[in-house]
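A.B. asks: Just one file: entry30.cif, with mmCIF, C-alpha atoms and all ligand atoms.
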data_run
loop_
_atom_site.label_atom_id
_atom_site.label_comp_id
_atom_site.auth_asym_id
_atom_site.auth_seq_id
_atom_site.Cartn_x
_atom_site.Cartn_y
_atom_site.Cartn_z
CA MET A 1 -3.18 80.86 -52.54
CA ASN A 2 -0.14 83.10 -52.82
CA GLY A 3 1.36 85.01 -49.94
CA LEU A 4 2.03 84.45 -46.27
CA GLY A 5 -0.01 81.85 -44.45
CA GLY A 6 -0.83 80.99 -40.86
CA TRP A 7 -1.21 77.42 -39.66
CA CYS A 8 -3.96 76.36 -37.22
CA HIS A 9 -3.13 73.39 -35.01
CA VAL A 10 -5.41 74.34 -32.13
CA ASP A 11 -9.02 73.15 -32.41
CA SER A 12 -10.50 76.41 -31.20
CA PRO A 13 -12.63 78.81 -33.27
CA TYR A 14 -11.40 81.66 -31.07
CA VAL A 15 -7.74 80.84 -31.74
CA ALA A 16 -8.58 80.49 -35.45
CA GLU A 17 -10.17 83.94 -35.30
CA VAL A 18 -7.02 85.34 -33.69
CA MET A 19 -4.95 83.82 -36.52
CA GLY A 20 -7.47 85.12 -39.06
CA SER A 21 -7.16 88.66 -37.74
CA ALA A 22 -3.34 88.69 -37.73
CA GLY A 23 -2.99 89.78 -41.37
CA PHE A 24 -2.02 86.47 -43.00
CA ASP A 25 -3.01 86.15 -46.67
CA TRP A 26 -4.53 82.73 -45.90
CA CYS A 27 -4.69 80.24 -43.05
CA CYS A 28 -4.61 76.47 -43.12
CA ILE A 29 -6.50 74.31 -40.63
CA ASP A 30 -4.32 71.25 -40.13
CA MET A 31 -6.36 68.05 -39.82
CA GLN A 32 -3.31 65.82 -40.32
CA HIS A 33 -1.26 66.82 -37.27
CA GLY A 34 -3.52 69.46 -35.72
CA LEU A 35 -6.35 68.93 -33.25
CA ALA A 36 -9.31 69.88 -35.45
CA ASP A 37 -11.88 67.18 -36.13
CA ARG A 38 -15.19 67.06 -38.01
CA ALA A 39 -16.98 68.86 -35.16
CA SER A 40 -14.49 71.72 -34.76
CA LEU A 41 -13.80 72.27 -38.47
CA VAL A 42 -16.94 74.23 -39.41
CA PRO A 43 -16.72 76.77 -36.52
CA MET A 44 -13.00 77.24 -37.26
CA VAL A 45 -13.72 77.89 -40.95
CA GLN A 46 -16.47 80.34 -39.90
CA ALA A 47 -14.09 82.14 -37.52
CA LEU A 48 -11.46 82.60 -40.25
CA GLU A 49 -14.11 83.73 -42.74
CA LEU A 50 -15.40 86.24 -40.19
CA ARG A 51 -11.97 87.91 -40.35
CA GLY A 52 -11.87 87.77 -44.16
CA CYS A 53 -9.10 85.19 -44.21
CA PRO A 54 -9.16 82.59 -47.03
CA VAL A 55 -9.15 79.05 -45.64
CA LEU A 56 -7.29 75.94 -46.65
CA VAL A 57 -7.50 72.59 -44.90
CA ARG A 58 -4.68 70.09 -44.71
CA VAL A 59 -6.59 66.83 -44.89
CA PRO A 60 -5.39 63.78 -42.96
CA GLU A 61 -5.31 61.67 -46.11
CA SER A 62 -6.16 61.77 -49.79
CA CYS A 63 -9.64 60.30 -49.96
CA ASP A 64 -13.11 61.32 -51.02
CA ALA A 65 -14.39 61.60 -47.43
CA ALA A 66 -11.59 63.80 -46.08
CA ILE A 67 -11.33 66.12 -49.09
CA GLY A 68 -15.10 66.32 -49.64
CA HIS A 69 -15.67 67.11 -45.97
CA ALA A 70 -13.16 69.99 -46.00
CA LEU A 71 -14.61 71.49 -49.19
CA ASP A 72 -18.22 70.97 -48.04
CA ALA A 73 -17.29 72.90 -44.86
CA GLY A 74 -16.35 75.86 -47.06
CA ALA A 75 -12.57 75.57 -47.45
CA HIS A 76 -11.18 77.22 -50.57
CA GLY A 77 -8.86 74.32 -51.13
CA VAL A 78 -6.96 71.46 -49.61
CA ILE A 79 -3.37 70.57 -48.90
CA VAL A 80 -2.87 66.82 -49.36
CA PRO A 81 0.05 65.25 -47.46
CA MET A 82 2.55 62.64 -48.62
CA VAL A 83 1.89 62.61 -52.35
CA THR A 84 4.46 60.33 -53.96
CA SER A 85 3.40 59.97 -57.61
CA ALA A 86 1.58 61.67 -60.47
CA ASP A 87 -1.26 59.13 -60.13
CA ARG A 88 -1.75 60.07 -56.48
CA ALA A 89 -1.63 63.78 -57.36
CA ARG A 90 -4.23 63.31 -60.11
CA GLU A 91 -6.40 61.28 -57.73
CA ALA A 92 -6.21 63.98 -55.02
CA ALA A 93 -7.22 66.65 -57.55
CA SER A 94 -10.11 64.53 -58.82
CA HIS A 95 -11.56 64.42 -55.27
CA CYS A 96 -11.78 68.24 -55.41
CA HIS A 97 -14.06 68.41 -58.44
CA TYR A 98 -17.52 67.13 -59.29
CA PRO A 99 -18.03 64.83 -62.29
CA PRO A 100 -17.27 64.94 -65.13
CA ARG A 101 -14.07 66.74 -64.12
CA GLY A 102 -13.56 64.70 -60.95
CA VAL A 103 -15.22 62.28 -58.54
CA ARG A 104 -16.35 64.56 -55.67
CA SER A 105 -19.67 63.56 -54.18
CA PHE A 106 -22.36 66.25 -54.00
CA GLY A 107 -23.30 67.65 -50.58
CA PRO A 108 -21.83 71.16 -50.25
CA LEU A 109 -23.29 71.83 -46.81
CA ARG A 110 -21.64 75.25 -46.27
CA ALA A 111 -19.96 75.64 -49.64
CA LYS A 112 -23.38 76.07 -51.28
CA LEU A 113 -23.96 79.23 -49.25
CA ALA A 114 -21.22 80.93 -51.27
CA ALA A 115 -22.20 79.47 -54.66
CA PRO A 116 -25.36 79.64 -56.80
CA ALA A 117 -27.97 77.36 -55.18
CA ASP A 118 -28.48 75.21 -58.27
CA SER A 119 -24.81 74.90 -59.05
CA ALA A 120 -23.13 71.51 -59.06
CA ASP A 121 -20.00 73.29 -60.16
CA ASP A 122 -16.94 73.84 -58.06
CA ARG A 123 -17.21 76.56 -55.47
CA LEU A 124 -14.66 79.12 -56.55
CA ALA A 125 -12.77 76.26 -58.21
CA PRO A 126 -11.30 74.56 -55.12
CA ARG A 127 -7.51 74.43 -55.15
CA CYS A 128 -5.57 71.25 -54.67
CA TYR A 129 -2.04 71.57 -53.31
CA VAL A 130 -0.16 68.32 -53.09
CA MET A 131 2.65 67.86 -50.61
CA ILE A 132 6.02 66.49 -51.62
CA GLU A 133 7.72 65.37 -48.46
CA ASP A 134 9.73 62.27 -49.20
CA ARG A 135 12.29 60.82 -51.60
CA ALA A 136 9.67 59.15 -53.82
CA GLY A 137 7.81 62.45 -54.27
CA LEU A 138 11.04 64.21 -55.24
CA GLU A 139 11.89 61.52 -57.77
CA ASN A 140 8.51 62.14 -59.42
CA LEU A 141 8.66 65.92 -59.08
CA SER A 142 8.02 66.98 -62.69
CA ALA A 143 5.28 64.37 -63.25
CA ILE A 144 3.52 65.46 -60.04
CA ALA A 145 3.82 69.13 -61.04
CA ALA A 146 2.30 68.34 -64.44
CA ALA A 147 -0.59 66.24 -63.06
CA PRO A 148 -3.96 67.65 -64.16
CA GLY A 149 -5.86 69.63 -61.55
CA VAL A 150 -2.89 70.26 -59.28
CA SER A 151 -2.75 73.94 -58.23
CA GLY A 152 0.62 73.77 -56.55
CA ILE A 153 3.23 71.72 -54.76
CA PHE A 154 3.58 72.27 -51.03
CA LEU A 155 6.87 71.16 -49.57
CA GLY A 156 7.05 69.54 -46.11
CA PRO A 157 10.61 70.25 -44.90
CA ALA A 158 10.35 68.17 -41.72
CA ASP A 159 9.14 64.97 -43.38
CA LEU A 160 11.49 65.56 -46.28
CA GLY A 161 14.44 65.81 -43.88
CA LEU A 162 13.24 62.65 -42.18
CA SER A 163 13.03 60.79 -45.48
CA LEU A 164 16.36 62.04 -46.85
CA TRP A 165 18.53 62.21 -43.74
CA GLY A 166 16.56 60.56 -40.94
CA ASP A 167 16.23 63.97 -39.26
CA PRO A 168 13.09 66.16 -39.23
CA ARG A 169 14.96 69.13 -37.76
CA ARG A 170 17.20 70.02 -40.70
CA THR A 171 14.56 72.43 -41.94
CA HIS A 172 17.01 75.33 -42.38
CA ASP A 173 19.63 73.20 -44.10
CA GLU A 174 21.37 74.58 -47.22
CA SER A 175 20.84 71.24 -49.03
CA LEU A 176 17.12 71.49 -48.36
CA LEU A 177 17.08 74.92 -49.99
CA GLU A 178 18.90 73.47 -53.04
CA ILE A 179 16.16 70.85 -53.33
CA GLY A 180 13.61 73.61 -52.79
CA ALA A 181 15.05 75.58 -55.70
CA GLU A 182 14.46 72.55 -57.98
CA VAL A 183 10.90 72.24 -56.70
CA ALA A 184 10.27 75.96 -57.32
CA ARG A 185 11.64 75.63 -60.88
CA ALA A 186 9.45 72.58 -61.60
CA CYS A 187 6.41 74.51 -60.34
CA GLN A 188 7.28 77.50 -62.47
CA ASP A 189 7.69 75.27 -65.56
CA ALA A 190 4.29 73.68 -64.88
CA GLY A 191 2.62 77.05 -64.19
CA ILE A 192 1.59 76.13 -60.63
CA LEU A 193 2.38 77.56 -57.18
CA ALA A 194 5.33 76.57 -55.03
CA GLY A 195 4.40 76.41 -51.35
CA VAL A 196 6.20 75.47 -48.16
CA PHE A 197 5.89 75.38 -44.39
CA ALA A 198 8.70 77.72 -43.30
CA GLY A 199 8.54 77.73 -39.51
CA GLY A 200 9.66 81.32 -38.89
CA ALA A 201 10.14 84.67 -40.60
CA SER A 202 13.79 84.31 -41.58
CA ALA A 203 13.17 80.84 -43.04
CA ALA A 204 10.20 82.34 -44.91
CA ALA A 205 12.58 84.90 -46.45
CA ASP A 206 14.99 82.09 -47.49
CA TRP A 207 12.21 80.15 -49.22
CA SER A 208 10.94 83.30 -50.89
CA ARG A 209 14.42 84.08 -52.29
CA ILE A 210 14.49 80.73 -54.10
CA GLY A 211 11.08 81.18 -55.72
CA PHE A 212 8.43 80.05 -53.22
CA THR A 213 5.38 82.32 -53.19
CA MET A 214 2.98 80.43 -50.91
CA ILE A 215 4.64 80.38 -47.52
CA ALA A 216 3.15 79.19 -44.23
CA VAL A 217 5.17 81.24 -41.75
CA ASP A 218 4.31 79.37 -38.56
CA SER A 219 1.57 77.72 -36.53
CA ASP A 220 -0.53 78.91 -33.60
CA SER A 221 0.89 76.15 -31.37
CA SER A 222 4.48 77.05 -32.22
CA LEU A 223 3.84 80.78 -31.70
CA LEU A 224 2.28 80.10 -28.31
CA MET A 225 5.08 77.78 -27.24
CA HIS A 226 7.91 80.11 -28.30
CA ALA A 227 6.27 83.31 -27.05
CA SER A 228 5.32 81.85 -23.67
CA ARG A 229 8.80 80.34 -23.12
CA ALA A 230 10.45 83.63 -24.10
CA LEU A 231 8.11 85.56 -21.81
CA VAL A 232 8.84 83.34 -18.79
CA ALA A 233 12.60 83.62 -19.42
CA GLU A 234 12.34 87.40 -19.80
CA ALA A 235 10.21 87.75 -16.68
CA ARG A 236 12.57 85.55 -14.63
CA THR A 237 15.49 87.74 -15.69
CA ALA A 238 13.60 90.96 -15.02
CA LEU A 239 12.39 89.74 -11.63
CA ALA A 240 15.64 88.01 -10.65
CA GLY A 241 15.89 87.69 -6.91
CA VAL A 242 12.43 89.13 -6.33
CA VAL A 243 10.18 86.16 -7.17
CA THR A 244 11.46 82.60 -6.89
CA SER A 245 10.10 79.41 -8.46
CA THR A 246 7.75 77.34 -6.36
CA PRO A 247 9.33 74.00 -5.45
C1 LIG B 301 6.48 68.96 -42.85
O1 LIG B 301 7.39 69.79 -42.70
O2 LIG B 301 6.67 67.75 -43.01
C2 LIG B 301 5.11 69.41 -42.85
O3 LIG B 301 4.22 68.63 -43.08
C3 LIG B 301 4.86 70.84 -42.51
O4 LIG B 301 3.63 71.03 -41.95
MG MG B 302 4.77 66.63 -43.16
#
Translate the structure described by the file into structure tokens.
C.D. replies:
Amino acid sequence: MNGLGGWCHVDSPYVAEVMGSAGFDWCCIDMQHGLADRASLVPMVQALELRGCPVLVRVPESCDAAIGHALDAGAHGVIVPMVTSADRAREAASHCHYPPRGVRSFGPLRAKLAAPADSADDRLAPRCYVMIEDRAGLENLSAIAAAPGVSGIFLGPADLGLSLWGDPRRTHDESLLEIGAEVARACQDAGILAGVFAGGASAAADWSRIGFTMIAVDSDSSLLMHASRALVAEARTALAGVVTSTP
């Protein structure tokens, strides 16, 4: 899933549709830290599909139920958090595919609508992006990148900063970009995608310069928070002295 991505934290099909119509190359519904649950997932996937936006789901954990549920709902692939070893990466990928390739259980509730009715094969070959976001994952970088079935490594700068420096806010740090460059090289060597959550347009440009091609620019919740704060500040300045805050 190359290109610029949007990130859906809000469990609303309408907000997902807004994100899906913004021009992102793909959007990810975040079921690890976002608000979506089993009930809201399908209408959110439908809303993104309505706007022609390819859908990924960040699953809360790497297990058959979570990954199968996301793919059954029609996601094109999953992003699996906190992958620390090649074994875990291989296991995550195996949950994306039916036997004999993997261990996914059959029940493609929505996915079957886009695939031949009698097919037990993978719908559009679901992608499996595994997240490296701690020291252990970095230590096993090349083995994770080479694990069979892995479509790409997705870097989590906040958790990585937390693991390396005890600080989740060093997401624009130069040393993080140096680590990122190694991750991008390992992905290139393994012939898989390098992805990252950038958190803003200028950070997205930094990650792109060092070889990342799958870049989540920002999330709906962050856009709403920043835009609404900026708007209130701008309006207070513009209306200074005319309208005062209520006590
Ligand atoms: C992180 O930065 O840790 C992430 O998981 C981004 O979503
Ligand atoms: Mg994370």
A.B. asks: Residues within 12 Å of ligand LIG 301 (chain B) (all atoms listed in the file), as a ChimeraX atom specification?
C.D. replies: /A:5-9,28-34,57-60,79-83,130-134,154-164,167-172,176,195-199,215-219,222
A.B. asks: What does the distance between CA of Gly211 (chain A) and CA of Glu178 (chain A) come to in Å, to one decimal place?
C.D. replies: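 These atoms are spaced 11.3 Å apart.
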A.B. asks: Between A:Pro126, A:Gly200, A:Gly52, A:Pro43, which has the minimum distance to Ala93 (chain A) (counting only C-alpha atoms)?
C.D. replies: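 Of A:Pro126, A:Gly200, A:Gly52, A:Pro43, the one nearest Ala93 (chain A), counting only C-alpha atoms, is A:Pro126.
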A.B. asks: Using all atoms listed in the file for the distances, tell me which of A:Val55, A:Val183, A:Ala125, A:Leu177 is nearest to Asn140 (chain A).
C.D. replies: A:Val183
A.B. asks: So which residues touch Glu17 (chain A) within 7 Å, counting only C-alpha atoms, skipping near sequence neighbours fewer than 5 positions away, as a list in words?
C.D. replies: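 The residues that qualify are Ala47, Leu48 and Arg51 of chain A.
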A.B. asks: One decimal, in Å: what's the spacing between CA of Ala240 (chain A) and CA of Ser228 (chain A)?
C.D. replies: 17.7 Å
A.B. asks: Pick the closest to ligand MG 302 (chain B) from A:Leu35, A:Asp11, A:Glu61, A:Leu50: which is it, counting only C-alpha atoms and all ligand atoms?
C.D. replies: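 Looking only at the distances to ligand MG 302 (chain B), the closest residue turns out to be A:Glu61.
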A.B. asks: At a cut-off of 6 Å around the point (-0.5, 85.8, -43.4) (file coordinates), what residues fall inside when counting only C-alpha atoms? I'd like the answer as a short mmCIF file (atom, residue, chain, number, x, y, z; two decimals) with C-alpha atoms, in the frame of the given file.
C.D. replies:
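Generated file (result_36.cif):
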data_model
loop_
_atom_site.label_atom_id
_atom_site.label_comp_id
_atom_site.auth_asym_id
_atom_site.auth_seq_id
_atom_site.Cartn_x
_atom_site.Cartn_y
_atom_site.Cartn_z
CA LEU A 4 2.03 84.45 -46.27
CA GLY A 5 -0.01 81.85 -44.45
CA GLY A 6 -0.83 80.99 -40.86
CA GLY A 23 -2.99 89.78 -41.37
CA PHE A 24 -2.02 86.47 -43.00
CA ASP A 25 -3.01 86.15 -46.67
CA TRP A 26 -4.53 82.73 -45.90
#
A.B. asks: Would you mind reading off the distance between CA of Lys112 (chain A) and CA of Gly74 (chain A), one decimal, in Å?
C.D. replies: 8.2 Å
A.B. asks: Skipping near chain neighbours, those fewer than 2 positions away, what residues fall within 6 Å of region 191-194 of chain A using only C-alpha atoms, listed as number ranges by chain?
C.D. replies: A: 151-153, 184, 187-189, 212
A.B. asks: Measuring atom to atom with only C-alpha atoms, identify which of A:Ala230, A:Ala70, A:Leu109, A:Met44 is nearest to Arg127 (chain A).
C.D. replies: A:Ala70
A.B. asks: Enclose the full set of atoms of region 13-24 of chain A listed in the file within a box whose edges lie along x, y and z, apply 6 Å of padding to each of the six sides, and report centre and edge lengths in Å to one decimal as AutoDock Vina command-line options.
C.D. replies:
--center_x -7.3 --center_y 84.3 --center_z -37.0 --size_x 22.6 --size_y 23.0 --size_z 23.9
A.B. asks: Within 7 Å of Ile144 (chain A), counting all atoms listed in the file, which residues qualify if same-chain residues fewer than 5 places away don't, as an mmCIF file with C-alpha atoms, in the coordinates of the input?
C.D. replies:
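Wrote result_18.cif, looks like this:
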data_model
loop_
_atom_site.group_PDB
_atom_site.id
_atom_site.type_symbol
_atom_site.label_atom_id
_atom_site.label_comp_id
_atom_site.auth_asym_id
_atom_site.auth_seq_id
_atom_site.Cartn_x
_atom_site.Cartn_y
_atom_site.Cartn_z
ATOM 1 C CA SER A 85 3.400 59.970 -57.610
ATOM 2 C CA ALA A 86 1.580 61.670 -60.470
ATOM 3 C CA ALA A 89 -1.630 63.780 -57.360
#
A.B. asks: Env of Asp87 (chain A): 9 Å cut, atoms = only C-alpha atoms, seq-sep filter 5 positions within chain, self excluded. Answer as a list in words.
C.D. replies: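 Counting only the stated atoms, we get Ala92, Ala143, Ile144 and Ala147 of chain A.
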A.B. asks: Just checking: using only C-alpha atoms, which residue out of A:Met19, A:Gly3, A:Ser62, A:Leu239 ends up closest to Trp207 (chain A)?
C.D. replies: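 Between A:Met19, A:Gly3, A:Ser62, A:Leu239, the residue approaching Trp207 (chain A) most closely is A:Gly3.
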A.B. asks: Counting all atoms listed in the file, which residue out of A:Leu71, A:Pro148, A:Gly137, A:Ser208 sits closest to Glu91 (chain A)?
C.D. replies: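 Closest candidate: A:Pro148.
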